[in-house]
>>> print(open('structure-v5.txt').read())   # compact mmCIF, C-alpha atoms
# COMPACT_ATOMS: atom_id res chain seq x y z
CA VAL A 1354 0.00 0.00 0.00
CA ALA A 1355 2.77 2.43 0.94
CA ALA A 1356 4.71 1.74 -2.25
CA GLU A 1357 1.66 2.18 -4.47
CA GLY A 1358 0.57 5.21 -2.51
CA THR A 1359 3.94 6.88 -3.02
CA ARG A 1360 3.64 6.43 -6.77
CA ARG A 1361 0.11 7.84 -6.83
CA LEU A 1362 0.22 10.58 -4.20
CA ALA A 1363 -1.54 13.13 -6.38
CA GLU A 1364 -4.58 10.86 -6.77
CA PHE A 1365 -5.44 10.78 -3.07
CA SER A 1366 -7.70 13.15 -1.21
CA PRO A 1367 -6.28 14.94 1.84
CA GLN A 1368 -8.18 12.61 4.17
CA GLY A 1369 -7.05 9.58 2.18
CA LEU A 1370 -3.39 10.56 2.47
CA SER A 1371 -3.63 11.16 6.20
CA ASN A 1372 -5.57 7.94 6.80
CA ILE A 1373 -2.85 5.86 5.15
CA ALA A 1374 -0.13 7.69 7.09
CA TRP A 1375 -2.04 7.18 10.34
CA ALA A 1376 -2.64 3.48 9.59
CA LEU A 1377 1.03 2.85 8.80
CA ALA A 1378 2.05 4.50 12.06
CA THR A 1379 -0.65 2.68 14.06
CA LEU A 1380 0.44 -0.69 12.66
CA GLU A 1381 4.00 0.20 13.69
CA VAL A 1382 5.40 -0.37 10.21
CA SER A 1383 6.14 3.31 9.59
CA ARG A 1384 9.83 2.93 10.40
CA GLY A 1385 10.33 0.61 7.43
CA PRO A 1386 11.87 2.37 4.43
CA VAL A 1387 8.83 2.06 2.15
CA ALA A 1388 6.31 3.30 4.71
CA ARG A 1389 8.66 6.03 5.88
CA ARG A 1390 9.11 7.23 2.29
CA PHE A 1391 5.33 7.46 1.84
CA ILE A 1392 4.72 9.43 5.06
CA LEU A 1393 7.51 11.91 4.37
CA ALA A 1394 6.53 12.37 0.72
CA ALA A 1395 2.85 12.77 1.57
CA ALA A 1396 3.57 15.29 4.34
CA SER A 1397 5.88 17.27 2.07
CA MET A 1398 3.26 17.40 -0.66
CA ALA A 1399 0.52 18.30 1.81
CA THR A 1400 2.30 21.17 3.59
CA PRO A 1401 1.65 23.91 1.02
CA GLY A 1402 -2.02 22.96 0.72
CA LEU A 1403 -3.02 22.48 4.34
CA HIS A 1404 -5.79 25.03 3.93
CA THR A 1405 -7.69 22.30 2.03
CA PHE A 1406 -7.15 19.65 4.71
CA PRO A 1407 -9.76 18.84 7.38
CA PRO A 1408 -8.55 19.19 10.99
CA GLN A 1409 -8.43 15.45 11.64
CA ALA A 1410 -6.24 14.90 8.57
CA ILE A 1411 -3.75 17.50 9.83
CA ALA A 1412 -3.66 15.96 13.31
CA ASN A 1413 -3.22 12.48 11.80
CA PHE A 1414 -0.21 13.61 9.80
CA CYS A 1415 1.41 15.19 12.85
CA TRP A 1416 0.96 12.01 14.83
CA ALA A 1417 2.28 9.81 12.02
CA LEU A 1418 5.37 11.99 11.64
CA SER A 1419 6.02 11.86 15.37
CA ARG A 1420 6.27 8.07 15.16
CA LEU A 1421 9.26 8.25 12.79
CA ASP A 1422 12.88 8.49 13.85
CA ASN A 1423 15.05 11.47 12.97
CA VAL A 1424 12.33 13.61 11.43
CA GLY A 1425 12.58 16.62 13.71
CA GLN A 1426 13.04 19.06 10.85
CA GLU A 1427 10.29 17.51 8.71
CA LEU A 1428 7.84 17.53 11.60
CA ALA A 1429 8.84 21.06 12.55
CA THR A 1430 8.19 22.27 9.00
CA PHE A 1431 4.83 20.50 8.83
CA GLY A 1432 3.98 21.36 12.43
CA VAL A 1433 4.58 25.07 12.01
CA ALA A 1434 2.29 25.09 8.98
CA ALA A 1435 -0.26 22.96 10.84
CA GLY A 1436 -0.22 25.24 13.88
CA ARG A 1437 -0.64 28.31 11.74
CA GLU A 1438 -3.58 26.72 9.92
CA ALA A 1439 -5.18 25.51 13.14
CA LEU A 1440 -5.16 28.99 14.67
CA ARG A 1441 -6.42 30.54 11.46
CA ARG A 1442 -9.34 28.09 11.33
CA GLU A 1443 -9.88 27.84 15.08
CA SER A 1444 -13.62 27.28 14.80
CA GLU A 1445 -13.04 24.11 12.75
CA PHE A 1446 -10.58 22.48 15.15
CA SER A 1447 -11.51 20.67 18.33
CA TRP A 1448 -9.32 20.86 21.41
CA GLN A 1449 -8.47 17.23 20.78
CA ASP A 1450 -7.10 18.25 17.37
CA PHE A 1451 -5.07 21.06 18.94
CA SER A 1452 -3.68 18.74 21.59
CA GLY A 1453 -2.74 16.10 19.03
CA ILE A 1454 -0.77 18.61 16.97
CA ILE A 1455 1.18 20.11 19.85
CA SER A 1456 1.79 16.71 21.51
CA ALA A 1457 3.34 15.36 18.33
CA MET A 1458 5.71 18.30 18.17
CA MET A 1459 6.57 17.94 21.84
CA GLN A 1460 7.39 14.24 21.46
CA THR A 1461 10.10 14.96 18.90
CA GLY A 1462 11.50 17.88 20.88
CA CYS A 1463 10.49 20.64 18.46
CA GLY A 1464 10.73 23.93 20.30
CA SER A 1465 12.98 22.56 23.02
CA ARG A 1466 16.36 24.08 23.72
CA HIS A 1467 18.02 21.32 21.70
CA LYS A 1468 15.80 21.75 18.65
CA GLU A 1469 14.87 25.39 18.77
CA VAL A 1470 11.81 26.15 16.65
CA PRO A 1471 10.36 29.41 18.02
CA GLU A 1472 7.12 29.03 16.06
CA VAL A 1473 6.37 25.76 17.83
CA ARG A 1474 6.76 27.27 21.28
CA ALA A 1475 4.70 30.27 20.18
CA PHE A 1476 1.92 27.94 19.00
CA ALA A 1477 1.96 26.12 22.35
CA ALA A 1478 1.81 29.42 24.22
CA GLU A 1479 -1.12 30.59 22.11
CA LEU A 1480 -3.04 27.39 22.89
CA ALA A 1481 -2.42 27.87 26.62
CA GLN A 1482 -3.71 31.43 26.45
CA ARG A 1483 -6.79 30.46 24.43
CA ALA A 1484 -7.62 27.68 26.90
CA VAL A 1485 -7.90 30.11 29.81
CA GLY A 1486 -11.54 30.43 30.79
CA ARG A 1487 -12.46 27.37 28.68
CA CYS A 1488 -10.96 24.52 30.67
CA GLU A 1489 -14.33 23.23 31.81
CA THR A 1490 -15.29 22.65 28.16
CA ILE A 1491 -12.10 20.72 27.36
CA GLY A 1492 -11.57 17.01 28.00
CA ASN A 1493 -9.03 15.77 30.52
CA GLN A 1494 -6.63 14.29 27.99
CA ALA A 1495 -6.60 17.39 25.81
CA LEU A 1496 -6.00 19.60 28.86
CA LEU A 1497 -3.10 17.49 30.02
CA ASN A 1498 -1.60 17.09 26.55
CA ILE A 1499 -1.58 20.84 25.94
CA ALA A 1500 -0.34 21.80 29.41
CA LEU A 1501 2.36 19.12 29.49
CA SER A 1502 3.52 20.02 25.98
CA CYS A 1503 3.76 23.67 27.01
CA ALA A 1504 5.84 22.75 30.04
CA ARG A 1505 8.22 20.51 28.12
CA LEU A 1506 8.55 22.96 25.24
CA GLY A 1507 9.56 25.69 27.65
CA VAL A 1508 6.57 28.00 27.37
CA PRO A 1509 7.10 30.79 29.95
CA LYS A 1510 5.66 29.81 33.30
CA ASP A 1511 3.72 33.05 33.63
CA THR A 1512 2.02 32.25 30.32
CA LEU A 1513 1.08 28.69 31.28
CA ARG A 1514 0.16 29.34 34.92
CA PRO A 1515 -3.34 30.81 34.27
CA MET A 1516 -4.27 27.67 32.31
CA ALA A 1517 -2.83 25.51 35.10
CA TRP A 1518 -5.05 27.27 37.63
CA GLY A 1519 -8.03 26.65 35.37
CA ILE A 1520 -7.16 22.96 35.15
CA ALA A 1521 -6.80 22.78 38.94
CA GLU A 1522 -10.30 24.12 39.40
CA VAL A 1523 -11.78 21.76 36.83
CA PHE A 1524 -9.96 18.75 38.27
CA THR A 1525 -11.52 19.27 41.70
CA GLU A 1526 -14.64 17.75 40.11
CA ARG A 1527 -12.86 15.27 37.82
CA LEU A 1528 -10.21 13.82 40.11
CA HIS A 1529 -11.90 10.42 40.19
CA ARG A 1530 -11.57 10.19 36.41
CA LEU A 1531 -7.79 10.61 36.36
CA ASN A 1532 -5.58 7.54 36.15
CA ASP A 1533 -2.04 7.25 37.48
CA ILE A 1534 -0.44 8.49 34.27
CA ASP A 1535 -2.79 11.49 34.24
CA LEU A 1536 -1.86 12.32 37.81
CA ARG A 1537 1.86 12.12 37.10
CA GLN A 1538 1.50 14.39 34.08
CA TRP A 1539 -0.59 16.85 36.07
CA LEU A 1540 1.96 16.84 38.88
CA GLU A 1541 4.70 17.71 36.37
CA VAL A 1542 2.66 20.66 35.14
CA GLN A 1543 1.97 21.87 38.69
CA ARG A 1544 5.64 21.72 39.57
CA TYR A 1545 6.66 23.53 36.41
CA CYS A 1546 4.18 26.34 37.05
CA GLY A 1547 4.97 26.51 40.75
CA LEU A 1548 1.40 26.01 41.90
CA PRO A 1549 1.22 25.94 45.71
CA GLY A 1550 0.30 22.88 47.72
CA VAL A 1551 1.94 20.34 45.44
CA GLY A 1552 2.87 17.30 47.48
CA ILE A 1553 3.98 13.76 46.80
CA ALA A 1554 3.22 10.75 48.91
CA GLY A 1555 5.08 8.47 46.56
CA GLY A 1556 5.94 9.34 43.00
CA ALA A 1557 7.85 7.68 40.23
CA GLY A 1558 10.95 7.57 42.38
CA ASN A 1559 9.29 6.36 45.56
CA ALA A 1560 10.45 2.99 46.69
CA GLY A 1561 6.95 2.18 47.77
CA GLY A 1562 5.76 2.35 44.20
CA GLY A 1563 2.91 4.74 44.97
CA GLY A 1564 1.52 7.27 42.55
CA ALA A 1565 1.51 11.00 42.65
CA ASP A 1566 -0.43 12.42 45.55
CA CYS A 1567 -2.80 15.01 44.16
CA SER A 1568 -5.07 14.92 47.16
CA SER A 1569 -4.84 18.68 47.42
CA LEU A 1570 -6.94 18.84 44.27
CA GLY A 1571 -9.84 17.27 46.03
CA ASN A 1572 -10.64 20.39 48.00
CA SER A 1573 -11.94 23.11 45.72
CA GLU A 1574 -12.01 25.60 48.58
CA SER A 1575 -8.28 25.21 49.17
CA TRP A 1576 -7.55 25.89 45.52
CA GLN A 1577 -9.76 28.96 45.51
CA GLN A 1578 -7.90 30.27 48.57
CA ARG A 1579 -4.51 29.73 46.93
CA ARG A 1580 -5.36 31.24 43.57
CA PRO A 1581 -4.09 34.82 43.16
CA ARG A 1582 -6.73 37.48 43.67
CA GLY A 1583 -7.53 40.54 41.65
CA GLY A 1584 -6.97 39.19 38.15
CA GLN A 1585 -9.50 37.92 35.66
CA TRP A 1586 -7.62 35.61 33.36
CA ALA A 1587 -10.56 34.46 31.28
CA LYS A 1588 -10.56 36.10 27.86
CA GLY A 1589 -14.33 36.06 27.65
CA GLY A 1590 -16.81 33.22 27.29
CA LYS A 1591 -16.35 29.51 27.58
CA GLY A 1592 -15.30 29.15 24.00
CA ARG A 1593 -16.35 26.32 21.80
CA GLY A 1594 -16.08 22.62 21.85
CA GLY A 1595 -17.00 20.00 24.38
CA ALA A 1596 -15.08 17.48 26.40
CA HIS A 1597 -13.49 14.68 24.44
>>> encode(input="structure-v5.txt", output="structure tokens")
Amino acid sequence: VAAEGTRRLAEFSPQGLSNIAWALATLEVSRGPVARRFILAAASMATPGLHTFPPQAIANFCWALSRLDNVGQELATFGVAAGREALRRESEFSWQDFSGIISAMMQTGCGSRHKEVPEVRAFAAELAQRAVGRCETIGNQALLNIALSCARLGVPKDTLRPMAWGIAEVFTERLHRLNDIDLRQWLEVQRYCGLPGVGIAGGAGNAGGGGADCSSLGNSESWQQRRPRGGQWAKGGKGRGGAH
């Protein structure tokens, strides 16, 4: 399929191209030379025409590229174009789409100090700012993916902190729905942002094997007391989209 697809790239629709790339990555054959050649060729051809691609197709391509080795530059080029298109067509993209795009770029280190791509960090920062005041409408995984990506990509703490406070408030009602991996990711975000009251009763390095202790999230009153006063971070309205 990959070999034939490479020969006939121009015949596929945007969704068709992204579906094949996603399937190859999902089946874990994307690191083979034939599949790799298809994904890279398809992404290269798609980049100039992303304005014609549906959001899911763009997110699929980002994820497929992130599964390849040594494609930091290719993913950065595609990711910058994808981020620009996602912000331009914000109303068409779900928060799950946004989180998939930025997570893929984070996984390959785009925007980190070792692979400096300023546009990637700027995209992450913009997502964090747009999420403020909308956290209750965003699903847990999308919230964590965006916040964790921001932290690992080095988004300024003052930029990410308002979103982190919003997540803290939302999670007071959703704590029972978070698994151990979620809690560990959330703890990393809290530490990065310097949110008060972060404690561990056994983390990844605890000999007892316990998980992150986020019990402080269970008391919404305590979070309200700790949150800085006098500032309204919400940029107006709950925004669009529902929980995924």
>>> residues_around(input="structure-v5.txt", residues="Ala1399 of chain A", least_positions_apart="5", cutoff="10 Å", atoms="all atoms listed in the file", output="ChimeraX atom specification")
/A:1362-1363,1367,1370-1371,1393-1394,1404-1406,1411,1414,1431
>>> atom_distance(input="structure-v5.txt", atom1="atom CA of Val1433 of chain A", atom2="atom CA of Gln1409 of chain A")
16.2 Å
>>> closest_residue(input="structure-v5.txt", among="A:Leu1480, A:Ala1417, A:Gln1543, A:Asn1423", to="Leu1440 of chain A", atoms="only C-alpha atoms")
A:Leu1480
>>> atom_distance(input="structure-v5.txt", atom1="atom CA of Met1459 of chain A", atom2="atom CA of Val1354 of chain A")
29.0 Å
>>> atom_distance(input="structure-v5.txt", atom1="atom CA of Glu1522 of chain A", atom2="atom CA of Pro1549 of chain A")
13.3 Å
>>> closest_residue(input="structure-v5.txt", among="A:Trp1416, A:Phe1391, A:Trp1375, A:Trp1539", to="Asn1498 of chain A", atoms="only C-alpha atoms")
A:Trp1539
